[in-house]
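Worksheet for the structure shown next.
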Amino acid sequence: NRRIVLAARPRGAPTAQDFRLEQVPVTAPADGQVLLRTVYLSLDPYMRGRMSEGPSYVPPLALGETMGGGTVSRVVASRHPGFREGELVLGATGWQDYALSDGEGLMPVRDTAHPSYALSVLGMPGFTAYHGLLNIGQPRPGETVVVAAASGAVGAVVGQIARIRGARVIGVAGGAEKRRYVTEQLGFDACLDRRDPHLAQQLAEACPDGIDVYFENVGGAVLDAVLPLLREGARVPVCGGIAHYNDEAPPPGPDRLPMLMALVLRKRLRLQGFIILDHYADGYAPFLRDMSAWVAEGKVKLREDVVVGLENAPAALMGLLEGKNFGKVVVRVAD
Ligand code: NDP
C-alpha cells in the first residue's frame, strides 16, 4: 500500500522534493468499516493551497500527512451494512492505494460506465461551474461571458453552460491546441491565448459591447485585460486565482487597489466569492439532474487528462499549476 505525503512546504512552485512516497501495511476493516481500493484520484488546484501554511478555506496539511483529494474507489472488503464488496464509491481518501472508512461521506457512484465523471463534470468542478455561473454570474441571452482556463475542468463547463443559456462566450487558454479545442469542440465563440502580449487588445476586439459576466479563475494578465471592459452592472463570480497560487509575495508595482475600488463603484460591479463546499446541501441535486441530462444529450462535453499511476501524481499536480494539463486531471491508480 503506497501513499504520498507532504514532505516539505513548497517555496513558490512545488517540486518533487516536496512529496514523499511511503509504503504502509494494509489493515483489514474492523466492524463497521470498509476497505477501499483507490481507482481514480482527482487532482485540483486547491491542493497547492493546502501544502502551505496560512489562511485558506481548507486547513493546511501537516508535514508527513497524506495528501488529500477526491477519489473514486472500489469497496474491496466490507464490514459495513451500507456497502457491498465490488461497489464503486465517491469519497475523499487522498493520494493512497488503500484506505479504511467508516462510510461517513461516501456516496455511491451511479455512472459506472464513466466512474471518473464523479470527479469531473458530474462532480466538484462541474458543480463549481454550474453554481458560480448560474447563481452568481446569471448570464442572460445575448450577453458576453468571459472565462479563462477555458479547456480545464471548471472553465470548459462554464462556457458550455453559458452557451446553453444563449450567451456569447469568449475563452482564454494557454496555447493553440487548447484554443482550437475550446472553439471547435466546446463551441465557444472565440478563445484567446493568455500568453499573447496583445491579449488586452484582442479581448477588447472580441468583446465589442464589453463584458457582462467574468468568471474569475485565474487573476494575473487575464484579469488586467478584463477590468477595463466590464460593463455597468457586470457580475464577477470569484472562483479562483491560479496565476497567483505559487506567489510568495505580492507582485511588484504600484498599489492599484484604489483604482479597482473606484471601478467597482463607478460600474456598479458585483464581485462575489464562493466556495463550492458550502452549496452541496441545497444545490447538488438540481445540478446533478441538469448536468446528467446535458452530458447525455451531448450539450456538455468533457475532456479528461488521465495520468496513469499514483507515483505520477506529484508531477501531474506541478504540471496543472503551470497549465501543462489538457482537460480535467485524474490519476488512474488502479483498474
Ligand atoms: P484546470 O483544469 O482549469 O487547470 C488549471 C488551468 O489553469 C491550467 O490548465 C491553465 O490553463 C490555467 N493556468 C495555470 N496557470 C495560469 C496562469 N498563470 N494564468 C492563467 N491561467 C493559468 O483547473 P480547474 O478547472 O480545476 O480550476 C480552475 C479554477 O477554479 C482554479 O482557480 C481553482 O482554484 C478554482 N476552483 C474553485 C473552487 C471553489 O469552490 N471556489 C472549486 C474548484 C476550483 P491554460 O494553460 O489553458 O491557461
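Order determines the names: the first chain of the C-alpha cells is A, the second B, and so forth; residues in each chain are numbered 1 upward, and ligands are numbered 1 upward as they are shown.
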Practice problem: Enumerate, as number ranges by chain, the complete set of residues in segment 32-104 of chain A that a backbone-based DSSP assignment places in alpha helix (DSSP H). | Solution: A: 46-51
Exercise. Skip segment 255-263 of chain A itself and residues of its chain fewer than 2 positions away, then list as number ranges by chain all residues within 10 Å of it, counting only C-alpha atoms.
Key: A: 227-228, 230, 232, 251-253, 265-269
Quiz item: So, counting only C-alpha atoms and all ligand atoms, which residue among A:Asp209, A:Asp335, A:Asp196, A:Asp189 is closest to ligand 1?
Solution: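 Using only C-alpha atoms and all ligand atoms, the shortest distance to ligand 1 belongs to A:Asp196.
If you look at atom CA of Arg20 of chain A and atom CA of Gln96 of chain A, they are 11.7 Å away from each other.
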Would you tabulate, counting only C-alpha atoms and all ligand atoms, all residues of chain A that have an atom at most 8 Å from an atom of ligand 1, showing the closest pair of atoms and their distance in Å to one decimal, sorted by chain then ascending number, as a Markdown table?
| residue | atom | partner | partner_atom_place_in_ligand_line | distance |
| --- | --- | --- | --- | --- |
| A:Leu43 | CA | ligand 1 | 26 (O) | 7.7 |
| A:Asp44 | CA | ligand 1 | 26 (O) | 4.9 |
| A:Pro45 | CA | ligand 1 | 34 (O) | 4.7 |
| A:Tyr46 | CA | ligand 1 | 34 (O) | 5.1 |
| A:Met124 | CA | ligand 1 | 43 (C) | 6.6 |
| A:Pro125 | CA | ligand 1 | 43 (C) | 5.1 |
| A:Thr128 | CA | ligand 1 | 42 (C) | 5.4 |
| A:Ala148 | CA | ligand 1 | 21 (N) | 6.4 |
| A:Ala149 | CA | ligand 1 | 11 (O) | 4.1 |
| A:Ala150 | CA | ligand 1 | 47 (O) | 6.0 |
| A:Ser151 | CA | ligand 1 | 47 (O) | 5.8 |
| A:Gly152 | CA | ligand 1 | 3 (O) | 3.3 |
| A:Ala153 | CA | ligand 1 | 25 (O) | 3.6 |
| A:Val154 | CA | ligand 1 | 25 (O) | 3.6 |
| A:Gly155 | CA | ligand 1 | 25 (O) | 5.7 |
| A:Ala156 | CA | ligand 1 | 25 (O) | 7.7 |
| A:Val172 | CA | ligand 1 | 48 (O) | 6.7 |
| A:Ala173 | CA | ligand 1 | 47 (O) | 3.4 |
| A:Gly174 | CA | ligand 1 | 46 (O) | 3.6 |
| A:Gly175 | CA | ligand 1 | 46 (O) | 6.8 |
| A:Lys178 | CA | ligand 1 | 47 (O) | 6.4 |
| A:Arg179 | CA | ligand 1 | 47 (O) | 7.9 |
| A:Asp193 | CA | ligand 1 | 48 (O) | 7.7 |
| A:Arg194 | CA | ligand 1 | 48 (O) | 6.1 |
| A:Glu216 | CA | ligand 1 | 32 (O) | 7.6 |
| A:Asn217 | CA | ligand 1 | 32 (O) | 4.2 |
| A:Val218 | CA | ligand 1 | 20 (C) | 4.9 |
| A:Gly219 | CA | ligand 1 | 19 (N) | 6.8 |
| A:Gly220 | CA | ligand 1 | 19 (N) | 6.0 |
| A:Ala221 | CA | ligand 1 | 19 (N) | 7.0 |
| A:Val222 | CA | ligand 1 | 20 (C) | 6.8 |
| A:Val238 | CA | ligand 1 | 41 (N) | 7.1 |
| A:Cys239 | CA | ligand 1 | 41 (N) | 4.0 |
| A:Gly240 | CA | ligand 1 | 32 (O) | 3.4 |
| A:Gly241 | CA | ligand 1 | 32 (O) | 4.6 |
| A:Ile242 | CA | ligand 1 | 32 (O) | 4.4 |
| A:Ala243 | CA | ligand 1 | 18 (N) | 3.4 |
| A:His244 | CA | ligand 1 | 18 (N) | 6.8 |
| A:Gly273 | CA | ligand 1 | 41 (N) | 7.1 |
| A:Phe274 | CA | ligand 1 | 41 (N) | 5.2 |
| A:Ile275 | CA | ligand 1 | 40 (O) | 3.5 |
| A:Ile276 | CA | ligand 1 | 40 (O) | 3.8 |
| A:Leu277 | CA | ligand 1 | 40 (O) | 6.4 |
| A:Leu320 | CA | ligand 1 | 5 (C) | 5.3 |
| A:Leu321 | CA | ligand 1 | 14 (C) | 5.0 |
| A:Glu322 | CA | ligand 1 | 14 (C) | 4.6 |
| A:Gly323 | CA | ligand 1 | 8 (C) | 3.5 |
| A:Lys324 | CA | ligand 1 | 9 (O) | 6.0 |
| A:Asn325 | CA | ligand 1 | 9 (O) | 5.1 |
| A:Phe326 | CA | ligand 1 | 9 (O) | 6.2 |
| A:Gly327 | CA | ligand 1 | 2 (O) | 5.5 |
| A:Lys328 | CA | ligand 1 | 2 (O) | 4.7 |
| A:Val329 | CA | ligand 1 | 2 (O) | 6.4 |
Please produce a file of those selected residues containing N, CA and C atoms, as a short mmCIF file (atom, residue, chain, number, x, y, z; two decimals), in the first residue's frame.
data_model
loop_
_atom_site.label_atom_id
_atom_site.label_comp_id
_atom_site.auth_asym_id
_atom_site.auth_seq_id
_atom_site.Cartn_x
_atom_site.Cartn_y
_atom_site.Cartn_z
N LEU A 43 -7.00 15.47 -9.20
CA LEU A 43 -6.01 16.49 -8.86
C LEU A 43 -6.62 17.85 -9.14
N ASP A 44 -6.53 18.76 -8.18
CA ASP A 44 -7.21 20.05 -8.27
C ASP A 44 -6.29 21.16 -7.75
N PRO A 45 -6.47 22.38 -8.31
CA PRO A 45 -5.59 23.50 -7.92
C PRO A 45 -5.58 23.81 -6.42
N TYR A 46 -6.70 23.57 -5.71
CA TYR A 46 -6.73 23.92 -4.28
C TYR A 46 -5.68 23.14 -3.47
N MET A 124 -17.29 17.78 -8.32
CA MET A 124 -16.96 19.09 -7.75
C MET A 124 -16.69 20.17 -8.79
N PRO A 125 -15.83 19.93 -9.80
CA PRO A 125 -15.57 21.04 -10.74
C PRO A 125 -16.80 21.42 -11.57
N THR A 128 -19.04 23.42 -9.41
CA THR A 128 -18.47 24.76 -9.22
C THR A 128 -18.84 25.67 -10.39
N ALA A 148 -11.40 32.15 -18.25
CA ALA A 148 -10.06 31.64 -18.56
C ALA A 148 -9.92 30.22 -18.03
N ALA A 149 -8.76 29.61 -18.27
CA ALA A 149 -8.56 28.18 -18.04
C ALA A 149 -9.72 27.45 -18.72
N ALA A 150 -9.99 27.88 -19.98
CA ALA A 150 -11.23 27.53 -20.67
C ALA A 150 -11.29 26.08 -21.12
N SER A 151 -10.15 25.39 -21.21
CA SER A 151 -10.22 23.97 -21.58
C SER A 151 -10.21 23.08 -20.34
N GLY A 152 -10.13 23.71 -19.15
CA GLY A 152 -9.98 22.94 -17.92
C GLY A 152 -11.30 22.48 -17.32
N ALA A 153 -11.18 21.90 -16.14
CA ALA A 153 -12.32 21.23 -15.51
C ALA A 153 -13.49 22.18 -15.28
N VAL A 154 -13.22 23.36 -14.75
CA VAL A 154 -14.28 24.31 -14.44
C VAL A 154 -14.62 25.16 -15.67
N GLY A 155 -13.58 25.77 -16.27
CA GLY A 155 -13.81 26.72 -17.36
C GLY A 155 -14.56 26.14 -18.54
N ALA A 156 -14.26 24.90 -18.92
CA ALA A 156 -14.92 24.28 -20.06
C ALA A 156 -16.42 24.16 -19.81
N VAL A 172 -10.28 32.02 -22.64
CA VAL A 172 -8.84 32.30 -22.68
C VAL A 172 -8.16 31.01 -22.27
N ALA A 173 -7.14 30.60 -23.03
CA ALA A 173 -6.46 29.34 -22.71
C ALA A 173 -5.00 29.46 -23.11
N GLY A 174 -4.20 28.48 -22.68
CA GLY A 174 -2.77 28.50 -22.95
C GLY A 174 -2.42 27.64 -24.15
N GLY A 175 -2.17 28.26 -25.31
CA GLY A 175 -1.66 27.50 -26.45
C GLY A 175 -2.71 27.23 -27.52
N LYS A 178 -5.18 24.00 -27.25
CA LYS A 178 -6.31 24.19 -26.32
C LYS A 178 -7.32 25.17 -26.90
N ARG A 179 -6.83 26.23 -27.52
CA ARG A 179 -7.74 27.24 -28.07
C ARG A 179 -8.61 26.63 -29.16
N ASP A 193 -5.25 33.57 -26.45
CA ASP A 193 -4.10 32.97 -25.77
C ASP A 193 -3.68 33.83 -24.59
N ARG A 194 -3.62 33.22 -23.42
CA ARG A 194 -3.31 34.01 -22.22
C ARG A 194 -1.89 34.56 -22.22
N GLU A 216 -14.15 34.44 -12.78
CA GLU A 216 -12.74 34.59 -12.43
C GLU A 216 -12.12 33.29 -11.91
N ASN A 217 -11.21 32.73 -12.72
CA ASN A 217 -10.50 31.50 -12.34
C ASN A 217 -9.02 31.77 -12.10
N VAL A 218 -8.49 32.88 -12.63
CA VAL A 218 -7.04 32.95 -12.76
C VAL A 218 -6.36 34.20 -12.19
N GLY A 219 -6.95 35.38 -12.31
CA GLY A 219 -6.25 36.62 -11.93
C GLY A 219 -5.22 37.00 -12.98
N GLY A 220 -4.11 37.60 -12.56
CA GLY A 220 -2.97 37.87 -13.45
C GLY A 220 -3.34 38.70 -14.67
N ALA A 221 -2.69 38.36 -15.80
CA ALA A 221 -2.83 39.15 -17.03
C ALA A 221 -4.26 39.14 -17.57
N VAL A 222 -4.99 38.03 -17.32
CA VAL A 222 -6.35 37.95 -17.84
C VAL A 222 -7.24 38.96 -17.10
N VAL A 238 -16.18 35.06 -8.24
CA VAL A 238 -14.76 34.90 -7.95
C VAL A 238 -14.55 33.46 -7.47
N CYS A 239 -14.01 32.65 -8.38
CA CYS A 239 -13.89 31.21 -8.14
C CYS A 239 -12.46 30.83 -7.74
N GLY A 240 -11.47 31.47 -8.35
CA GLY A 240 -10.08 31.13 -8.05
C GLY A 240 -9.13 32.12 -8.69
N GLY A 241 -7.83 31.94 -8.44
CA GLY A 241 -6.81 32.84 -8.96
C GLY A 241 -5.52 32.09 -9.19
N ILE A 242 -5.56 31.08 -10.06
CA ILE A 242 -4.44 30.14 -10.16
C ILE A 242 -3.13 30.80 -10.59
N ALA A 243 -3.19 31.96 -11.24
CA ALA A 243 -1.94 32.63 -11.63
C ALA A 243 -1.11 33.02 -10.40
N HIS A 244 -1.74 33.03 -9.23
CA HIS A 244 -1.05 33.52 -8.02
C HIS A 244 -0.81 32.45 -6.96
N GLY A 273 -17.27 36.10 -4.13
CA GLY A 273 -16.52 34.87 -3.96
C GLY A 273 -17.45 33.75 -3.51
N PHE A 274 -17.05 32.51 -3.80
CA PHE A 274 -17.84 31.38 -3.31
C PHE A 274 -16.93 30.16 -3.18
N ILE A 275 -17.29 29.30 -2.24
CA ILE A 275 -16.59 28.04 -2.03
C ILE A 275 -17.64 26.95 -2.21
N ILE A 276 -17.40 26.06 -3.14
CA ILE A 276 -18.45 25.14 -3.55
C ILE A 276 -18.90 24.20 -2.42
N LEU A 277 -18.00 23.93 -1.47
CA LEU A 277 -18.35 23.05 -0.35
C LEU A 277 -19.59 23.53 0.40
N LEU A 320 -0.23 20.85 -13.56
CA LEU A 320 -1.54 21.50 -13.52
C LEU A 320 -1.39 22.98 -13.16
N LEU A 321 -0.48 23.27 -12.25
CA LEU A 321 -0.30 24.65 -11.80
C LEU A 321 0.39 25.51 -12.87
N GLU A 322 0.97 24.84 -13.89
CA GLU A 322 1.62 25.58 -14.98
C GLU A 322 0.82 25.51 -16.28
N GLY A 323 -0.31 24.81 -16.26
CA GLY A 323 -1.10 24.69 -17.48
C GLY A 323 -0.62 23.59 -18.41
N LYS A 324 0.15 22.62 -17.90
CA LYS A 324 0.61 21.52 -18.78
C LYS A 324 -0.50 20.50 -19.00
N ASN A 325 -1.53 20.52 -18.15
CA ASN A 325 -2.66 19.60 -18.34
C ASN A 325 -3.50 20.08 -19.51
N PHE A 326 -4.26 19.13 -20.09
CA PHE A 326 -5.21 19.47 -21.15
C PHE A 326 -6.50 18.75 -20.80
N GLY A 327 -7.32 19.44 -20.01
CA GLY A 327 -8.57 18.84 -19.52
C GLY A 327 -8.48 18.57 -18.04
N LYS A 328 -9.55 17.98 -17.53
CA LYS A 328 -9.63 17.68 -16.09
C LYS A 328 -8.63 16.59 -15.72
N VAL A 329 -7.76 16.85 -14.76
CA VAL A 329 -6.73 15.87 -14.42
C VAL A 329 -7.26 14.84 -13.43
#
Quiz item: What lies within 10 Å of Thr15 of chain A using only C-alpha atoms, ignoring chain neighbours under 4 positions off, as a list in words?
Solution: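 Selected residues are Ala8, Arg9, Pro10, Arg11, Phe19, Pro314, Ala315, Leu317 and Met318 of chain A.
When only C-alpha atoms are used to compute distances to Gly132 of chain A, the closest of the residues A:Arg303, A:Arg332, A:Arg289, A:His279 turns out to be A:His279.
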Quiz item: Which residue gives the smallest distance to Ser42 of chain A among A:Ala234, A:Ile211, A:Ala13, A:Met67, with only C-alpha atoms counted?
Solution: A:Met67
DSSP says strand (DSSP E or B) for which residues of segment 184-263 of chain A? Put them as an mmCIF file with C-alpha atoms, in the first residue's frame?
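Dumped everything to result27.cif:
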data_model
loop_
_atom_site.group_PDB
_atom_site.id
_atom_site.type_symbol
_atom_site.label_atom_id
_atom_site.label_comp_id
_atom_site.auth_asym_id
_atom_site.auth_seq_id
_atom_site.Cartn_x
_atom_site.Cartn_y
_atom_site.Cartn_z
ATOM 1 C CA ALA A 190 -13.690 32.651 -29.593
ATOM 2 C CA CYS A 191 -10.682 31.691 -27.497
ATOM 3 C CA LEU A 192 -7.599 33.854 -26.925
ATOM 4 C CA ASP A 193 -4.101 32.966 -25.771
ATOM 5 C CA ILE A 211 -18.197 42.030 -20.727
ATOM 6 C CA ASP A 212 -21.338 41.217 -18.717
ATOM 7 C CA VAL A 213 -20.012 38.206 -16.787
ATOM 8 C CA TYR A 214 -16.386 37.461 -16.000
ATOM 9 C CA PHE A 215 -15.991 34.070 -14.330
ATOM 10 C CA GLU A 216 -12.735 34.592 -12.430
ATOM 11 C CA LEU A 230 -16.555 45.257 -17.671
ATOM 12 C CA ARG A 231 -19.954 46.799 -18.349
ATOM 13 C CA GLU A 232 -22.086 48.636 -15.871
ATOM 14 C CA GLY A 233 -23.692 46.051 -13.610
ATOM 15 C CA ALA A 234 -21.314 43.256 -14.625
ATOM 16 C CA ARG A 235 -21.161 40.174 -12.405
ATOM 17 C CA VAL A 236 -17.882 38.552 -11.410
ATOM 18 C CA PRO A 237 -18.145 35.154 -9.690
ATOM 19 C CA VAL A 238 -14.759 34.897 -7.955
#
Quiz item: When distances are computed from only C-alpha atoms, which of A:Trp294, A:His80, A:His131, A:Leu186 shows the smallest separation from Asp282 of chain A?
Solution: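 Closest candidate: A:His131.
The space between atom CA of Tyr280 of chain A and atom CA of Val34 of chain A spans 24.1 Å.
Atom pair atom CA of Val169 of chain A / atom CA of Glu143 of chain A: separated by 8.5 Å.
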Practice problem: Rank A:Asp278, A:Ala204, A:Val89, A:Leu21 by their smallest atom-to-atom distance to Ala7 of chain A, using only C-alpha atoms, and report the top residue only. | Solution: A:Leu21
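For Asn1 of chain A, the residues within 10 Å (counting only C-alpha atoms, excluding itself and residues fewer than 4 positions away along the chain) are Glu22, Gln23, Val24, Pro25, Val26, Thr27, Arg37, Gln96, Asp97, Tyr98 and Ala99 of chain A.
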Can you spit out the residues from that selection as a short mmCIF file (atom, residue, chain, number, x, y, z; two decimals), in the first residue's frame, using C-alpha atoms?
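So part.cif came out as:
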data_model
loop_
_atom_site.label_atom_id
_atom_site.label_comp_id
_atom_site.auth_asym_id
_atom_site.auth_seq_id
_atom_site.Cartn_x
_atom_site.Cartn_y
_atom_site.Cartn_z
CA GLU A 22 5.82 5.74 1.53
CA GLN A 23 4.89 2.08 1.93
CA VAL A 24 2.49 1.21 4.73
CA PRO A 25 0.72 -2.09 5.51
CA VAL A 26 -2.93 -2.57 4.50
CA THR A 27 -5.13 -3.14 7.54
CA ARG A 37 -9.05 0.48 -3.24
CA GLN A 96 -3.01 6.41 -1.50
CA ASP A 97 -3.72 2.92 -2.84
CA TYR A 98 -5.97 1.77 0.01
CA ALA A 99 -7.97 3.46 2.76
#
Quiz item: Smallest atom-to-atom distance to Ala316 of chain A: which of A:Val109, A:Ser101, A:Val331, A:Leu119, using only C-alpha atoms?
Solution: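 Selected residue with least distance to Ala316 of chain A: A:Val331.
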